[in-house]
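Below is one structure; the comments refer to it alone.
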Amino acid sequence: MWPYHPDLLSVPVPRYTSFPTAAEFGAIEGRDYREALENVSGDVSLYVHIPFCEKICFYCGCNTGAAGRRQRLTAYLDALHREIAAVSALLPAGTRVTRLSFGGGSPNAITPTDFTRLVDLLTVRFALVDPVCSIELDPRTMSPQWAQAIERIGIARASLGVQTFAPHCQHRIGRVQSEDMIVATTDMLREAGVTSLNFDLMYGLPGQTRDDLLDSLYRTRVLRADRVALFGYAHVPHIVPRQRVIDTAGMPDQAERFAMAQLGFDYLVTHGYPVVFTGPVLKG
């Protein structure tokens, strides 16, 4: 796959998930944002963020909150509706939105009714005409009602936060979800018309062995996931306080993490997944 350089791996580097990175959002002034929107040309991809989850996982470094307080969700959705109106008004007339993505958090932390209303507003405000739609989902809060909403809206691409099938690893990271739950979610999404299904998986988890990783990859392949994003777990409790509750006994060391990444690469390649390496993430 690639040579092992422990000296390079020990150097901390930022994770670029957006540009500019989240740490630099404050550098963007309002007028720059407005001018960028007013001068958009060509096709546009639109991303809608839902920063809530029904249950918060111990490992998660995302800026997300529990969805249990209805008032907080209502306030956020109201603000989001206003943002949609403001942004759509600034785009040049005739701008075509060809891709529409929903992420979080977990978009299915809100109700299917609220989600449908959100899509209806986007359709009106941005004059959507058959965009490619994708969504991130938490299997623990998937339901037949959500599957119906996905089918009705016509979402063709979905990503499931599976992380690992190993129960002992799930308990360590606060992400307990049975295989039956993941299978049921997969079946619901396929029946709802999802044609491209991604599984997020993790390596380097506390207590995780290579056999655990191989088992998760095997079960993912049996469930016919079209894509796999294999992430290396970053244990940084000084940055993510919720990680302090994780029992780190048996945490794979640097060499073992590298071996797990190699194992994931080899498995995906030999089972027909073209692989792209993006820093700590293998995408097959």
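Residues are referred to by chain and number: the chain letter is A, B, ... according to the order shown in the structure tokens, the number counts from 1 in that chain, and ligands are numbered separately from 1 in the order shown.
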
Contact check, stretch 29-146 of chain A to stretch 231-238 of chain A, at most 12 Å, counting only C-alpha atoms, closest pairs as a tab-separated table:
```
residue	atom	partner	partner_atom	distance
A:Phe58	CA	A:Pro237	CA	10.1
A:Tyr59	CA	A:His235	CA	7.6
A:Cys60	CA	A:Ala234	CA	9.5
A:Gly61	CA	A:Val236	CA	8.8
```

Put those residues in a file: N, CA and C atoms, as a PDB file, in the first residue's frame.
```
ATOM      1  N   PHE A  58     -19.587   8.485  22.286  1.00  0.00           N
ATOM      2  CA  PHE A  58     -18.454   8.962  23.076  1.00  0.00           C
ATOM      3  C   PHE A  58     -17.302   9.449  22.213  1.00  0.00           C
ATOM      4  N   TYR A  59     -17.091   8.821  21.057  1.00  0.00           N
ATOM      5  CA  TYR A  59     -15.919   9.120  20.230  1.00  0.00           C
ATOM      6  C   TYR A  59     -16.072  10.377  19.393  1.00  0.00           C
ATOM      7  N   CYS A  60     -17.291  10.825  19.184  1.00  0.00           N
ATOM      8  CA  CYS A  60     -17.597  11.805  18.139  1.00  0.00           C
ATOM      9  C   CYS A  60     -16.970  13.170  18.417  1.00  0.00           C
ATOM     10  N   GLY A  61     -16.270  13.691  17.408  1.00  0.00           N
ATOM     11  CA  GLY A  61     -15.677  15.013  17.502  1.00  0.00           C
ATOM     12  C   GLY A  61     -16.474  16.079  16.782  1.00  0.00           C
TER      13      GLY A  61
END
```

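Residues in contact with A:Asp247 at up to 9 Å, not including ones fewer than 4 positions away on its chain and judged by only C-alpha atoms, are Arg172, Ile173, Pro206, Gly207, Gln243 and Met251 of chain A.
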
Of A:Gly161, A:Pro139, A:Pro252, A:Gly26, the one nearest to A:Arg210 when counting only C-alpha atoms is A:Pro252

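By only C-alpha atoms, and with residues fewer than 4 positions from A:Thr111 along its chain excluded, the set lying at most 9 Å from it is Pro107, Phe115, Thr116, Gln145 and Trp146 of chain A.
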
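Backbone DSSP assigns strand (DSSP E or B) in stretch 19-51 of chain A to Val44, Ser45, Leu46, Tyr47, Val48, His49 and Ile50 of chain A.
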
For the residues in that selection, give me N, CA and C atoms as a compact mmCIF listing (two decimals), in the first residue's frame.
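part36.txt written:
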```
# COMPACT_ATOMS: atom_id res chain seq x y z
N VAL A 44 -24.54 24.23 -9.10
CA VAL A 44 -24.29 24.41 -7.67
C VAL A 44 -24.64 23.14 -6.91
N SER A 45 -23.80 22.82 -5.91
CA SER A 45 -24.11 21.76 -4.95
C SER A 45 -24.50 22.43 -3.63
N LEU A 46 -25.58 21.99 -3.03
CA LEU A 46 -26.09 22.60 -1.81
C LEU A 46 -26.00 21.60 -0.67
N TYR A 47 -25.38 22.04 0.44
CA TYR A 47 -25.25 21.19 1.63
C TYR A 47 -26.07 21.79 2.77
N VAL A 48 -26.88 20.94 3.42
CA VAL A 48 -27.72 21.37 4.54
C VAL A 48 -27.29 20.59 5.78
N HIS A 49 -26.96 21.33 6.85
CA HIS A 49 -26.40 20.73 8.06
C HIS A 49 -27.45 20.63 9.17
N ILE A 50 -27.57 19.44 9.75
CA ILE A 50 -28.46 19.21 10.89
C ILE A 50 -27.59 18.76 12.07
```
